[in-house]
Amino acid sequence: MIRKLITRLLGKKSATAKAEGRRLEIARPQHEIDATRLPNSAVTVVRTLQQAGFEAYIVGGAVRDLLLGLKPKDFDVATNATPEQVKPLFRRAFLIGRRFRIVHVMFGREIIEVSTFRATLDTQASATVEGDERNARDLAGRQHAVDASGRVLRDNVWGPQDQDAARRDFTVNALYYDPTRDIVVDYHHGLRDLKARTLRMIGDPATRYREDPVRLLRVARFAAKLGFAIDPATRAPIAEQAELLRNVPSARLFDETIKLLQTGHALASLEQLRALGLHQGLLPLIELALNQPHGEAFVLAALRDTDARIGEGKTASPSFLFACLLWPQVNNRWAELQAEGLPAIAALDTAADEIIAAQAERLAIQRRIAVDMREIWSLQPRLARRTPRYANSALDHPRFRAAYDFLLLRAQTGGAEPELANWWERFQQADEAERAELIEQAGRASTEPAQRKRRRRKKPAVGSGPDSAG
Ligand code: ATP
Ligand code: MG
């Protein structure tokens, strides 16, 4: 009522009010959130903020997943308290972020992310930055900054909840839950879309993709993860705006790619990316992997395997995922270098160096992850050398388990002998005496064909060279 009156009095403001949506408070039984499934940590954060006189809600993916009966990955809280007001209310709280300042409240190993309501972006009033983010930071006093293409570089202007809702990406991601009053707050008919299983961008989709091109990837991720249909207006501008992904800093692209691969729906996400026309040259890593000779079978098997692992509640490490995605290229380069006369292990090291360096400019792979990836690869030819020295030291290697899983994928897709994978399966379970016997068996089996080969031409033993079949 009052709101309407103000809107009428201000006249000019009505367009904005419409963009920000009308507040709906939805009580049980119109929503079916089971408050007993909320972790104490999230409820404590909300209650503490409310008791200090602030508004506070659980927000975003957790509310969406609870409404869908899925288990939320993590819990985020949104509040009208500023980060500086939030921090002193908790014993272990840390201010983080620059582009997007938030507070992490720690409960043991659990982190609750608390973000302050953001104001809607007024692109006209924002500082436009020609060039990079360093320049943007130099513009003191300006908390909104966009680059020449309209991409948001900084986003730290606080505002009321309705504005916070309007600047979230999809209607189903803009739902707020207040555990104290047991209500869902909805400004953009998110609950309606959730029930219709539709992914709809809030506001004008083309503008929203321009503000943050990562949203293009998020469409694919959520459509795949939730099994939702993409609203036609949300889908329409995607193919045309795919180019915008080139503006995204490589570190953010890396983060978003990891999220996409670790949803448990990596394969479906990839299909969505292809269907939306986003794979062409945009995720160069995936595109290249699929275009390598024999690359597609391996990468698809790797993604299927990752999805299955996550479905079983296991983890899929970024290093394993990227080792898989880059393997088709590394493997082909490995073959070339060996054909030029380099020995197997040196050729693999060189191939790894070259491929990691070549793609780093588009997708920044952290050093720590790159080290792990290289270990997974370099264990591959070592796993093929079943001598007492190599076999036992491989087994003790901290990356053995990942390297073995990797070998299984290669064996599944014709890149390694299934016999080799079986042998390692048995070797891991064997006691000391059985291990010695297995090594001896492997030695016997390999000498005869190896001798024959040696007479013909110097060629690496089966399994120690690049994968040839797909
Ligand atoms: P997931 O379960 O995969 O974590 P999520 O919805 O929680 O899904 P996050 O990436 O964790 O996704 O983001 C949390 C919330 O922040 C989203 O639900 C959305 O409201 C908002 N958000 C995140 N990224 C963006 C973005 N690029 N543009 C607009 N809103 C965003
Ligand atoms: Mg989340």
# chains A, B, ... in the order shown; residues from 1 in each chain; ligands from 1
>>> residues_near_ligand(ligand="ligand 1", cutoff="10 Å", atoms="only C-alpha atoms and all ligand atoms", output="short mmCIF file (atom, residue, chain, number, x, y, z; two decimals) with all heavy atoms, in the first residue's frame")
data_model
loop_
_atom_site.label_atom_id
_atom_site.label_comp_id
_atom_site.auth_asym_id
_atom_site.auth_seq_id
_atom_site.Cartn_x
_atom_site.Cartn_y
_atom_site.Cartn_z
N VAL A 59 19.87 -17.32 1.33
CA VAL A 59 19.58 -16.83 -0.01
C VAL A 59 20.21 -17.71 -1.09
O VAL A 59 21.14 -18.47 -0.82
CB VAL A 59 20.10 -15.37 -0.15
CG1 VAL A 59 21.61 -15.31 -0.13
CG2 VAL A 59 19.55 -14.68 -1.39
N GLY A 60 19.68 -17.58 -2.30
CA GLY A 60 20.35 -18.15 -3.47
C GLY A 60 20.18 -19.66 -3.60
O GLY A 60 19.12 -20.21 -3.32
N GLY A 61 21.29 -20.30 -4.00
CA GLY A 61 21.26 -21.73 -4.34
C GLY A 61 20.70 -22.61 -3.23
O GLY A 61 20.00 -23.59 -3.52
N ALA A 62 20.97 -22.26 -1.96
CA ALA A 62 20.50 -23.12 -0.87
C ALA A 62 18.97 -23.12 -0.80
O ALA A 62 18.35 -24.17 -0.62
CB ALA A 62 21.09 -22.64 0.46
N VAL A 63 18.35 -21.94 -0.95
CA VAL A 63 16.89 -21.86 -0.90
C VAL A 63 16.29 -22.63 -2.09
O VAL A 63 15.37 -23.44 -1.94
CB VAL A 63 16.42 -20.39 -0.92
CG1 VAL A 63 14.90 -20.32 -0.82
CG2 VAL A 63 17.07 -19.60 0.20
N ARG A 64 16.87 -22.39 -3.25
CA ARG A 64 16.42 -23.09 -4.47
C ARG A 64 16.51 -24.61 -4.29
O ARG A 64 15.54 -25.33 -4.53
CB ARG A 64 17.33 -22.64 -5.63
CG ARG A 64 17.06 -23.30 -6.95
CD ARG A 64 18.28 -23.14 -7.86
NE ARG A 64 19.41 -23.91 -7.37
CZ ARG A 64 20.68 -23.51 -7.41
NH1 ARG A 64 21.01 -22.35 -7.90
NH2 ARG A 64 21.64 -24.30 -6.94
N ASP A 65 17.66 -25.09 -3.81
CA ASP A 65 17.84 -26.53 -3.68
C ASP A 65 16.91 -27.12 -2.61
O ASP A 65 16.37 -28.20 -2.79
CB ASP A 65 19.30 -26.85 -3.38
CG ASP A 65 20.20 -26.61 -4.60
OD1 ASP A 65 19.65 -26.36 -5.70
OD2 ASP A 65 21.44 -26.67 -4.46
N LEU A 70 16.61 -30.90 -2.99
CA LEU A 70 18.00 -31.29 -3.19
C LEU A 70 18.82 -30.87 -1.97
O LEU A 70 18.41 -30.00 -1.20
CB LEU A 70 18.58 -30.58 -4.43
CG LEU A 70 17.86 -30.80 -5.75
CD1 LEU A 70 18.43 -29.87 -6.82
CD2 LEU A 70 18.00 -32.26 -6.19
N LYS A 71 19.98 -31.48 -1.84
CA LYS A 71 20.85 -31.13 -0.71
C LYS A 71 21.72 -29.95 -1.12
O LYS A 71 22.51 -30.06 -2.06
CB LYS A 71 21.73 -32.33 -0.38
CG LYS A 71 22.55 -32.19 0.90
CD LYS A 71 23.27 -33.52 1.14
CE LYS A 71 24.47 -33.48 2.05
NZ LYS A 71 24.63 -32.44 3.00
N PRO A 72 21.57 -28.79 -0.44
CA PRO A 72 22.38 -27.62 -0.82
C PRO A 72 23.86 -27.89 -0.64
O PRO A 72 24.26 -28.58 0.29
CB PRO A 72 21.91 -26.54 0.14
CG PRO A 72 20.58 -26.97 0.62
CD PRO A 72 20.63 -28.47 0.65
N LYS A 73 24.64 -27.33 -1.54
CA LYS A 73 26.09 -27.51 -1.50
C LYS A 73 26.67 -26.65 -0.37
O LYS A 73 27.56 -27.06 0.34
CB LYS A 73 26.67 -27.05 -2.85
CG LYS A 73 27.89 -27.79 -3.29
CD LYS A 73 28.23 -27.36 -4.72
CE LYS A 73 28.37 -25.89 -4.73
NZ LYS A 73 28.61 -25.08 -5.79
N ASP A 74 26.16 -25.44 -0.26
CA ASP A 74 26.59 -24.57 0.83
C ASP A 74 25.49 -23.55 1.12
O ASP A 74 24.50 -23.48 0.39
CB ASP A 74 27.91 -23.85 0.49
CG ASP A 74 27.96 -23.42 -0.94
OD1 ASP A 74 26.91 -22.94 -1.45
OD2 ASP A 74 29.01 -23.55 -1.59
N PHE A 75 25.67 -22.79 2.20
CA PHE A 75 24.63 -21.86 2.63
C PHE A 75 25.15 -20.44 2.60
O PHE A 75 26.18 -20.15 3.21
CB PHE A 75 24.12 -22.24 4.02
CG PHE A 75 23.26 -23.46 3.99
CD1 PHE A 75 23.82 -24.73 3.96
CD2 PHE A 75 21.88 -23.35 3.94
CE1 PHE A 75 23.02 -25.86 3.90
CE2 PHE A 75 21.06 -24.47 3.88
CZ PHE A 75 21.63 -25.73 3.85
N ASP A 76 24.45 -19.58 1.88
CA ASP A 76 24.82 -18.17 1.84
C ASP A 76 23.75 -17.36 2.57
O ASP A 76 22.57 -17.71 2.54
CB ASP A 76 24.89 -17.68 0.38
CG ASP A 76 25.94 -18.44 -0.41
OD1 ASP A 76 26.93 -18.89 0.20
OD2 ASP A 76 25.78 -18.58 -1.63
N VAL A 77 24.20 -16.28 3.21
CA VAL A 77 23.28 -15.41 3.93
C VAL A 77 23.38 -14.01 3.33
O VAL A 77 24.48 -13.56 3.00
CB VAL A 77 23.64 -15.40 5.45
CG1 VAL A 77 22.91 -14.28 6.18
CG2 VAL A 77 23.31 -16.76 6.06
N ALA A 78 22.24 -13.35 3.18
CA ALA A 78 22.23 -11.96 2.71
C ALA A 78 21.64 -11.09 3.81
O ALA A 78 20.70 -11.49 4.50
CB ALA A 78 21.39 -11.84 1.44
N GLU A 113 28.84 -17.86 3.94
CA GLU A 113 29.20 -16.64 3.24
C GLU A 113 28.12 -15.59 3.49
O GLU A 113 26.96 -15.84 3.19
CB GLU A 113 29.28 -16.96 1.74
CG GLU A 113 30.34 -16.19 1.01
CD GLU A 113 30.56 -16.73 -0.38
OE1 GLU A 113 31.38 -17.65 -0.54
OE2 GLU A 113 29.89 -16.24 -1.30
N SER A 115 26.77 -11.91 2.59
CA SER A 115 26.96 -10.75 1.71
C SER A 115 25.92 -9.69 2.00
O SER A 115 24.78 -9.99 2.37
CB SER A 115 26.91 -11.17 0.23
OG SER A 115 25.78 -11.95 0.00
N VAL A 152 30.88 -5.65 -15.49
CA VAL A 152 31.04 -5.06 -14.16
C VAL A 152 32.38 -5.47 -13.56
O VAL A 152 32.72 -6.64 -13.47
CB VAL A 152 29.90 -5.53 -13.22
CG1 VAL A 152 30.08 -4.95 -11.83
CG2 VAL A 152 28.57 -5.12 -13.78
N ASP A 164 18.79 -5.86 -4.27
CA ASP A 164 19.66 -7.02 -4.21
C ASP A 164 19.08 -8.17 -5.04
O ASP A 164 19.79 -8.85 -5.78
CB ASP A 164 19.82 -7.47 -2.75
CG ASP A 164 20.81 -8.61 -2.58
OD1 ASP A 164 22.03 -8.34 -2.63
OD2 ASP A 164 20.39 -9.76 -2.43
N ALA A 165 17.76 -8.34 -4.92
CA ALA A 165 17.09 -9.41 -5.67
C ALA A 165 17.23 -9.16 -7.18
O ALA A 165 17.51 -10.08 -7.94
CB ALA A 165 15.62 -9.49 -5.28
N ALA A 166 17.05 -7.90 -7.57
CA ALA A 166 17.04 -7.58 -9.00
C ALA A 166 18.41 -7.80 -9.65
O ALA A 166 18.51 -7.98 -10.85
CB ALA A 166 16.59 -6.13 -9.21
N ARG A 167 19.48 -7.80 -8.86
CA ARG A 167 20.76 -7.97 -9.51
C ARG A 167 21.30 -9.39 -9.44
O ARG A 167 22.39 -9.68 -9.89
CB ARG A 167 21.77 -6.92 -9.07
CG ARG A 167 21.84 -6.73 -7.58
CD ARG A 167 23.12 -6.11 -7.18
NE ARG A 167 24.23 -6.89 -7.73
CZ ARG A 167 24.58 -8.09 -7.32
NH1 ARG A 167 23.92 -8.69 -6.37
NH2 ARG A 167 25.59 -8.69 -7.87
N ARG A 168 20.50 -10.29 -8.90
CA ARG A 168 20.87 -11.71 -8.98
C ARG A 168 20.58 -12.21 -10.39
O ARG A 168 19.94 -11.52 -11.17
CB ARG A 168 20.11 -12.50 -7.92
CG ARG A 168 20.61 -12.11 -6.55
CD ARG A 168 19.96 -12.80 -5.40
NE ARG A 168 20.56 -12.28 -4.18
CZ ARG A 168 21.66 -12.77 -3.61
NH1 ARG A 168 22.24 -13.85 -4.10
NH2 ARG A 168 22.17 -12.22 -2.54
N ASP A 169 21.08 -13.40 -10.73
CA ASP A 169 20.97 -13.81 -12.13
C ASP A 169 19.59 -14.38 -12.50
O ASP A 169 18.86 -13.77 -13.28
CB ASP A 169 22.12 -14.75 -12.53
CG ASP A 169 22.39 -15.87 -11.54
OD1 ASP A 169 21.63 -16.01 -10.56
OD2 ASP A 169 23.36 -16.63 -11.75
N PHE A 170 19.21 -15.50 -11.94
CA PHE A 170 17.96 -16.14 -12.36
C PHE A 170 16.88 -16.00 -11.28
O PHE A 170 17.22 -15.91 -10.09
CB PHE A 170 18.20 -17.62 -12.68
CG PHE A 170 19.31 -17.80 -13.67
CD1 PHE A 170 20.56 -18.23 -13.28
CD2 PHE A 170 19.10 -17.45 -15.00
CE1 PHE A 170 21.60 -18.34 -14.19
CE2 PHE A 170 20.13 -17.56 -15.92
CZ PHE A 170 21.39 -18.00 -15.52
N THR A 171 15.63 -16.02 -11.71
CA THR A 171 14.55 -15.83 -10.73
C THR A 171 14.62 -16.89 -9.64
O THR A 171 14.39 -16.58 -8.47
CB THR A 171 13.17 -15.88 -11.41
OG1 THR A 171 13.02 -17.16 -12.05
CG2 THR A 171 13.01 -14.77 -12.45
N VAL A 172 14.98 -18.13 -9.99
CA VAL A 172 15.03 -19.19 -8.97
C VAL A 172 16.24 -19.05 -8.05
O VAL A 172 16.31 -19.73 -7.02
CB VAL A 172 15.02 -20.61 -9.60
CG1 VAL A 172 13.70 -20.87 -10.31
CG2 VAL A 172 16.20 -20.81 -10.55
N ASN A 173 17.17 -18.18 -8.42
CA ASN A 173 18.33 -17.92 -7.56
C ASN A 173 18.14 -16.68 -6.70
O ASN A 173 19.05 -16.27 -6.00
CB ASN A 173 19.60 -17.71 -8.42
CG ASN A 173 20.17 -19.03 -8.91
OD1 ASN A 173 19.71 -20.09 -8.51
ND2 ASN A 173 21.18 -18.94 -9.77
N ALA A 174 16.97 -16.07 -6.79
CA ALA A 174 16.73 -14.81 -6.08
C ALA A 174 15.67 -14.97 -5.01
O ALA A 174 14.90 -14.07 -4.73
CB ALA A 174 16.34 -13.72 -7.08
N LEU A 175 15.64 -16.14 -4.40
CA LEU A 175 14.67 -16.38 -3.33
C LEU A 175 15.37 -16.28 -1.98
O LEU A 175 16.52 -16.71 -1.84
CB LEU A 175 14.07 -17.78 -3.50
CG LEU A 175 13.21 -17.95 -4.77
CD1 LEU A 175 12.93 -19.42 -5.05
CD2 LEU A 175 11.90 -17.17 -4.63
N TYR A 176 14.67 -15.67 -1.01
CA TYR A 176 15.23 -15.47 0.33
C TYR A 176 14.39 -16.26 1.31
O TYR A 176 13.16 -16.27 1.21
CB TYR A 176 15.17 -13.99 0.71
CG TYR A 176 15.91 -13.07 -0.23
CD1 TYR A 176 15.39 -12.75 -1.49
CD2 TYR A 176 17.14 -12.52 0.13
CE1 TYR A 176 16.08 -11.91 -2.35
CE2 TYR A 176 17.82 -11.68 -0.72
CZ TYR A 176 17.29 -11.38 -1.96
OH TYR A 176 17.97 -10.55 -2.82
N MET A 201 16.18 -15.43 -16.73
CA MET A 201 17.06 -14.34 -16.30
C MET A 201 16.20 -13.20 -15.78
O MET A 201 15.17 -12.87 -16.36
CB MET A 201 17.90 -13.87 -17.49
CG MET A 201 18.88 -12.78 -17.17
SD MET A 201 20.23 -13.32 -16.11
CE MET A 201 21.27 -14.17 -17.28
N ILE A 202 16.62 -12.58 -14.69
CA ILE A 202 15.93 -11.39 -14.18
C ILE A 202 16.34 -10.21 -15.06
O ILE A 202 17.52 -10.05 -15.37
CB ILE A 202 16.32 -11.13 -12.72
CG1 ILE A 202 15.84 -12.30 -11.83
CG2 ILE A 202 15.74 -9.80 -12.21
CD1 ILE A 202 16.36 -12.24 -10.41
N ARG A 208 22.09 -8.24 -19.07
CA ARG A 208 22.66 -8.98 -17.94
C ARG A 208 23.87 -9.81 -18.36
O ARG A 208 24.81 -9.99 -17.59
CB ARG A 208 21.60 -9.89 -17.29
CG ARG A 208 20.33 -9.19 -16.80
CD ARG A 208 20.53 -8.10 -15.77
NE ARG A 208 21.36 -8.41 -14.62
CZ ARG A 208 20.98 -9.10 -13.56
NH1 ARG A 208 19.75 -9.57 -13.46
NH2 ARG A 208 21.81 -9.32 -12.55
N TYR A 209 23.87 -10.34 -19.59
CA TYR A 209 25.05 -11.08 -20.07
C TYR A 209 26.20 -10.12 -20.30
O TYR A 209 27.36 -10.44 -20.05
CB TYR A 209 24.76 -11.83 -21.37
CG TYR A 209 23.73 -12.93 -21.24
CD1 TYR A 209 22.67 -13.03 -22.14
CD2 TYR A 209 23.82 -13.88 -20.23
CE1 TYR A 209 21.71 -14.03 -22.02
CE2 TYR A 209 22.87 -14.89 -20.10
CZ TYR A 209 21.82 -14.95 -21.00
OH TYR A 209 20.88 -15.94 -20.88
N GLU A 211 26.76 -7.30 -18.65
CA GLU A 211 27.30 -6.94 -17.33
C GLU A 211 28.28 -7.99 -16.82
O GLU A 211 29.29 -7.67 -16.22
CB GLU A 211 26.17 -6.91 -16.29
CG GLU A 211 25.40 -5.65 -16.19
CD GLU A 211 24.14 -5.89 -15.33
OE1 GLU A 211 24.07 -6.87 -14.53
OE2 GLU A 211 23.21 -5.11 -15.49
N ASP A 212 27.93 -9.25 -17.03
CA ASP A 212 28.75 -10.33 -16.52
C ASP A 212 28.62 -11.55 -17.43
O ASP A 212 27.71 -12.36 -17.28
CB ASP A 212 28.31 -10.69 -15.10
CG ASP A 212 29.20 -11.77 -14.50
OD1 ASP A 212 30.19 -12.17 -15.16
OD2 ASP A 212 28.91 -12.22 -13.37
N PRO A 213 29.55 -11.69 -18.38
CA PRO A 213 29.45 -12.76 -19.37
C PRO A 213 29.52 -14.17 -18.77
O PRO A 213 29.08 -15.12 -19.41
CB PRO A 213 30.65 -12.52 -20.29
CG PRO A 213 31.01 -11.08 -20.09
CD PRO A 213 30.67 -10.77 -18.66
N VAL A 214 30.01 -14.29 -17.55
CA VAL A 214 30.04 -15.59 -16.90
C VAL A 214 28.63 -16.17 -16.77
O VAL A 214 28.42 -17.37 -16.70
CB VAL A 214 30.76 -15.46 -15.52
CG1 VAL A 214 30.34 -16.52 -14.56
CG2 VAL A 214 32.27 -15.48 -15.72
N ARG A 215 27.65 -15.28 -16.76
CA ARG A 215 26.24 -15.73 -16.68
C ARG A 215 25.89 -16.63 -17.86
O ARG A 215 24.98 -17.44 -17.77
CB ARG A 215 25.30 -14.52 -16.63
CG ARG A 215 25.38 -13.80 -15.30
CD ARG A 215 24.57 -12.53 -15.25
NE ARG A 215 24.85 -11.82 -14.00
CZ ARG A 215 24.84 -10.50 -13.87
NH1 ARG A 215 24.53 -9.73 -14.90
NH2 ARG A 215 25.12 -9.95 -12.71
N LEU A 216 26.58 -16.47 -18.98
CA LEU A 216 26.35 -17.34 -20.14
C LEU A 216 26.64 -18.79 -19.75
O LEU A 216 25.88 -19.70 -20.11
CB LEU A 216 27.24 -16.92 -21.31
CG LEU A 216 26.98 -15.54 -21.91
CD1 LEU A 216 28.19 -15.07 -22.72
CD2 LEU A 216 25.74 -15.59 -22.80
N LEU A 217 27.73 -18.99 -19.04
CA LEU A 217 28.09 -20.35 -18.61
C LEU A 217 27.16 -20.83 -17.52
O LEU A 217 26.87 -22.02 -17.42
CB LEU A 217 29.53 -20.39 -18.08
CG LEU A 217 30.62 -20.01 -19.06
CD1 LEU A 217 31.98 -20.10 -18.38
CD2 LEU A 217 30.59 -20.92 -20.27
N ARG A 218 26.71 -19.89 -16.69
CA ARG A 218 25.83 -20.27 -15.59
C ARG A 218 24.49 -20.80 -16.12
O ARG A 218 23.88 -21.67 -15.51
CB ARG A 218 25.63 -19.10 -14.62
CG ARG A 218 26.93 -18.78 -13.85
CD ARG A 218 26.83 -17.51 -13.00
NE ARG A 218 25.85 -17.59 -11.93
CZ ARG A 218 26.08 -18.09 -10.71
NH1 ARG A 218 27.27 -18.53 -10.40
NH2 ARG A 218 25.12 -18.11 -9.80
N ARG A 221 25.16 -24.36 -16.84
CA ARG A 221 25.36 -25.13 -15.61
C ARG A 221 24.04 -25.41 -14.89
O ARG A 221 23.76 -26.54 -14.52
CB ARG A 221 26.31 -24.36 -14.68
CG ARG A 221 26.42 -24.97 -13.29
CD ARG A 221 27.72 -24.63 -12.62
NE ARG A 221 27.78 -23.26 -12.13
CZ ARG A 221 27.44 -22.90 -10.89
NH1 ARG A 221 26.97 -23.79 -10.04
NH2 ARG A 221 27.57 -21.64 -10.51
N PHE A 222 23.22 -24.38 -14.70
CA PHE A 222 21.98 -24.59 -13.95
C PHE A 222 20.96 -25.41 -14.75
O PHE A 222 20.24 -26.22 -14.18
CB PHE A 222 21.40 -23.26 -13.47
CG PHE A 222 22.21 -22.61 -12.40
CD1 PHE A 222 22.82 -21.39 -12.60
CD2 PHE A 222 22.40 -23.25 -11.18
CE1 PHE A 222 23.59 -20.79 -11.60
CE2 PHE A 222 23.17 -22.67 -10.17
CZ PHE A 222 23.77 -21.44 -10.40
N LYS A 225 22.26 -28.90 -14.26
CA LYS A 225 22.19 -29.38 -12.89
C LYS A 225 20.74 -29.60 -12.45
O LYS A 225 20.42 -30.58 -11.79
CB LYS A 225 22.87 -28.37 -11.95
CG LYS A 225 22.65 -28.64 -10.47
CD LYS A 225 23.34 -27.63 -9.57
CE LYS A 225 22.71 -27.69 -8.18
NZ LYS A 225 23.61 -27.33 -7.10
N LEU A 226 19.86 -28.65 -12.79
CA LEU A 226 18.49 -28.72 -12.30
C LEU A 226 17.57 -29.45 -13.26
O LEU A 226 16.46 -29.80 -12.91
CB LEU A 226 17.96 -27.29 -12.05
CG LEU A 226 18.81 -26.40 -11.14
CD1 LEU A 226 18.30 -24.96 -11.16
CD2 LEU A 226 18.83 -26.94 -9.71
N ASP A 255 37.48 -20.58 -12.39
CA ASP A 255 36.58 -20.87 -11.28
C ASP A 255 35.22 -21.38 -11.77
O ASP A 255 34.67 -22.35 -11.26
CB ASP A 255 36.32 -19.61 -10.44
CG ASP A 255 37.54 -19.23 -9.62
OD1 ASP A 255 38.46 -20.05 -9.51
OD2 ASP A 255 37.55 -18.09 -9.09
N GLU A 256 34.70 -20.70 -12.77
CA GLU A 256 33.36 -21.04 -13.24
C GLU A 256 33.39 -22.38 -13.99
O GLU A 256 32.44 -23.15 -13.92
CB GLU A 256 32.83 -19.89 -14.11
CG GLU A 256 31.33 -19.71 -14.14
CD GLU A 256 30.62 -19.55 -12.81
OE1 GLU A 256 31.11 -18.82 -11.94
OE2 GLU A 256 29.54 -20.16 -12.64
N LYS A 259 33.36 -25.07 -11.38
CA LYS A 259 32.01 -25.25 -10.83
C LYS A 259 31.17 -26.09 -11.78
O LYS A 259 30.41 -26.95 -11.36
CB LYS A 259 31.33 -23.89 -10.65
CG LYS A 259 31.74 -23.14 -9.40
CD LYS A 259 30.77 -21.98 -9.17
CE LYS A 259 31.24 -21.04 -8.09
NZ LYS A 259 30.35 -19.87 -7.97
N LEU A 260 31.32 -25.79 -13.06
CA LEU A 260 30.54 -26.49 -14.08
C LEU A 260 30.91 -27.98 -14.12
O LEU A 260 30.05 -28.84 -14.26
CB LEU A 260 30.82 -25.81 -15.42
CG LEU A 260 29.94 -26.13 -16.59
CD1 LEU A 260 29.55 -24.84 -17.28
CD2 LEU A 260 30.65 -27.01 -17.56
N GLN A 262 32.16 -29.71 -11.65
CA GLN A 262 31.97 -30.41 -10.37
C GLN A 262 30.52 -30.46 -9.90
O GLN A 262 30.27 -30.80 -8.76
CB GLN A 262 32.84 -29.76 -9.28
CG GLN A 262 34.32 -30.00 -9.51
CD GLN A 262 35.17 -29.42 -8.41
OE1 GLN A 262 34.89 -28.33 -7.93
NE2 GLN A 262 36.22 -30.12 -8.01
N THR A 263 29.57 -30.12 -10.77
CA THR A 263 28.17 -30.15 -10.34
C THR A 263 27.63 -31.56 -10.20
O THR A 263 26.55 -31.76 -9.67
CB THR A 263 27.23 -29.51 -11.39
OG1 THR A 263 27.61 -30.02 -12.67
CG2 THR A 263 27.28 -28.01 -11.35
#
>>> closest_residue(among="A:Gly227, A:Gly264, A:Gly414, A:Pro343", to="Arg309 of chain A", atoms="only C-alpha atoms")
A:Gly264
>>> closest_residue(among="A:Arg368, A:Val86, A:Thr257, A:Ile58", to="ligand 2", atoms="only C-alpha atoms and all ligand atoms")
A:Ile58
>>> residues_around(residues="segment 46-49 of chain A", least_positions_apart="4", cutoff="12 Å", atoms="only C-alpha atoms", output="PyMOL selection string")
chain A and resi 38-42+53-59+75-83+85-91+105+112-116+176-181
>>> residues_around(residues="Arg362 of chain A", least_positions_apart="2", cutoff="8 Å", atoms="only C-alpha atoms", output="list in words")
Ser250, Pro284, Gln359, Ala360 and Ala364 of chain A
>>> residues_around(residues="segment 324-326 of chain A", least_positions_apart="5", cutoff="12 Å", atoms="only C-alpha atoms", output="PyMOL selection string")
chain A and resi 257-258+261+283-292+295-306+316-319+331-333+351-360+363+365+370+372-374+376-377+402-403+405-410
>>> atom_distance(atom1="atom CA of Ile230 of chain A", atom2="atom CA of Leu199 of chain A")
4.9 Å
>>> residues_around(residues="segment 428-439 of chain A", least_positions_apart="4", cutoff="8 Å", atoms="only C-alpha atoms", output="list of chain:residue names")
A:Arg386, A:Thr387, A:Pro388, A:Ala391, A:Leu395, A:Trp423, A:Trp424, A:Gly443
>>> write_last_selection(atoms="all heavy atoms", output="short mmCIF file (atom, residue, chain, number, x, y, z; two decimals), in the first residue's frame")
data_model
loop_
_atom_site.label_atom_id
_atom_site.label_comp_id
_atom_site.auth_asym_id
_atom_site.auth_seq_id
_atom_site.Cartn_x
_atom_site.Cartn_y
_atom_site.Cartn_z
N ARG A 386 56.53 -52.48 -14.97
CA ARG A 386 56.20 -53.24 -13.77
C ARG A 386 57.43 -53.98 -13.22
O ARG A 386 57.42 -55.20 -13.10
CB ARG A 386 55.03 -54.16 -14.06
CG ARG A 386 53.75 -53.38 -14.22
CD ARG A 386 52.63 -54.20 -14.77
NE ARG A 386 52.73 -54.39 -16.22
CZ ARG A 386 51.89 -55.15 -16.91
NH1 ARG A 386 50.94 -55.80 -16.31
NH2 ARG A 386 52.03 -55.27 -18.22
N THR A 387 58.47 -53.25 -12.98
CA THR A 387 59.65 -53.83 -12.33
C THR A 387 59.49 -53.61 -10.83
O THR A 387 58.69 -52.76 -10.41
CB THR A 387 60.92 -53.11 -12.78
OG1 THR A 387 60.81 -51.74 -12.39
CG2 THR A 387 61.09 -53.17 -14.30
N PRO A 388 60.23 -54.36 -9.99
CA PRO A 388 60.06 -54.19 -8.54
C PRO A 388 60.25 -52.73 -8.14
O PRO A 388 59.48 -52.18 -7.35
CB PRO A 388 61.16 -55.06 -7.95
CG PRO A 388 61.46 -56.07 -8.99
CD PRO A 388 61.19 -55.42 -10.32
N ALA A 391 57.24 -50.43 -9.72
CA ALA A 391 55.89 -50.76 -9.25
C ALA A 391 55.70 -50.33 -7.80
O ALA A 391 54.71 -49.68 -7.47
CB ALA A 391 55.61 -52.24 -9.42
N LEU A 395 53.30 -47.18 -6.27
CA LEU A 395 52.24 -47.43 -5.29
C LEU A 395 52.34 -46.48 -4.10
O LEU A 395 51.33 -46.09 -3.52
CB LEU A 395 52.37 -48.88 -4.81
CG LEU A 395 51.14 -49.52 -4.20
CD1 LEU A 395 49.95 -49.47 -5.15
CD2 LEU A 395 51.44 -50.97 -3.83
N TRP A 423 45.97 -55.56 -13.83
CA TRP A 423 47.16 -55.92 -13.06
C TRP A 423 47.32 -55.00 -11.86
O TRP A 423 47.56 -55.45 -10.74
CB TRP A 423 48.39 -55.85 -13.97
CG TRP A 423 49.65 -56.36 -13.34
CD1 TRP A 423 50.14 -57.64 -13.40
CD2 TRP A 423 50.59 -55.60 -12.55
NE1 TRP A 423 51.32 -57.73 -12.71
CE2 TRP A 423 51.62 -56.49 -12.16
CE3 TRP A 423 50.65 -54.27 -12.14
CZ2 TRP A 423 52.70 -56.09 -11.40
CZ3 TRP A 423 51.73 -53.86 -11.36
CH2 TRP A 423 52.74 -54.76 -11.00
N TRP A 424 47.12 -53.70 -12.07
CA TRP A 424 47.27 -52.75 -10.97
C TRP A 424 46.18 -52.90 -9.93
O TRP A 424 46.41 -52.70 -8.74
CB TRP A 424 47.32 -51.31 -11.50
CG TRP A 424 48.70 -50.94 -11.93
CD1 TRP A 424 49.18 -50.86 -13.19
CD2 TRP A 424 49.80 -50.65 -11.05
NE1 TRP A 424 50.51 -50.54 -13.18
CE2 TRP A 424 50.92 -50.39 -11.87
CE3 TRP A 424 49.96 -50.59 -9.67
CZ2 TRP A 424 52.18 -50.08 -11.35
CZ3 TRP A 424 51.21 -50.26 -9.15
CH2 TRP A 424 52.30 -50.02 -9.99
N GLY A 443 56.74 -59.49 -15.86
CA GLY A 443 58.05 -59.52 -16.52
C GLY A 443 58.09 -60.61 -17.57
O GLY A 443 58.50 -60.37 -18.71
#
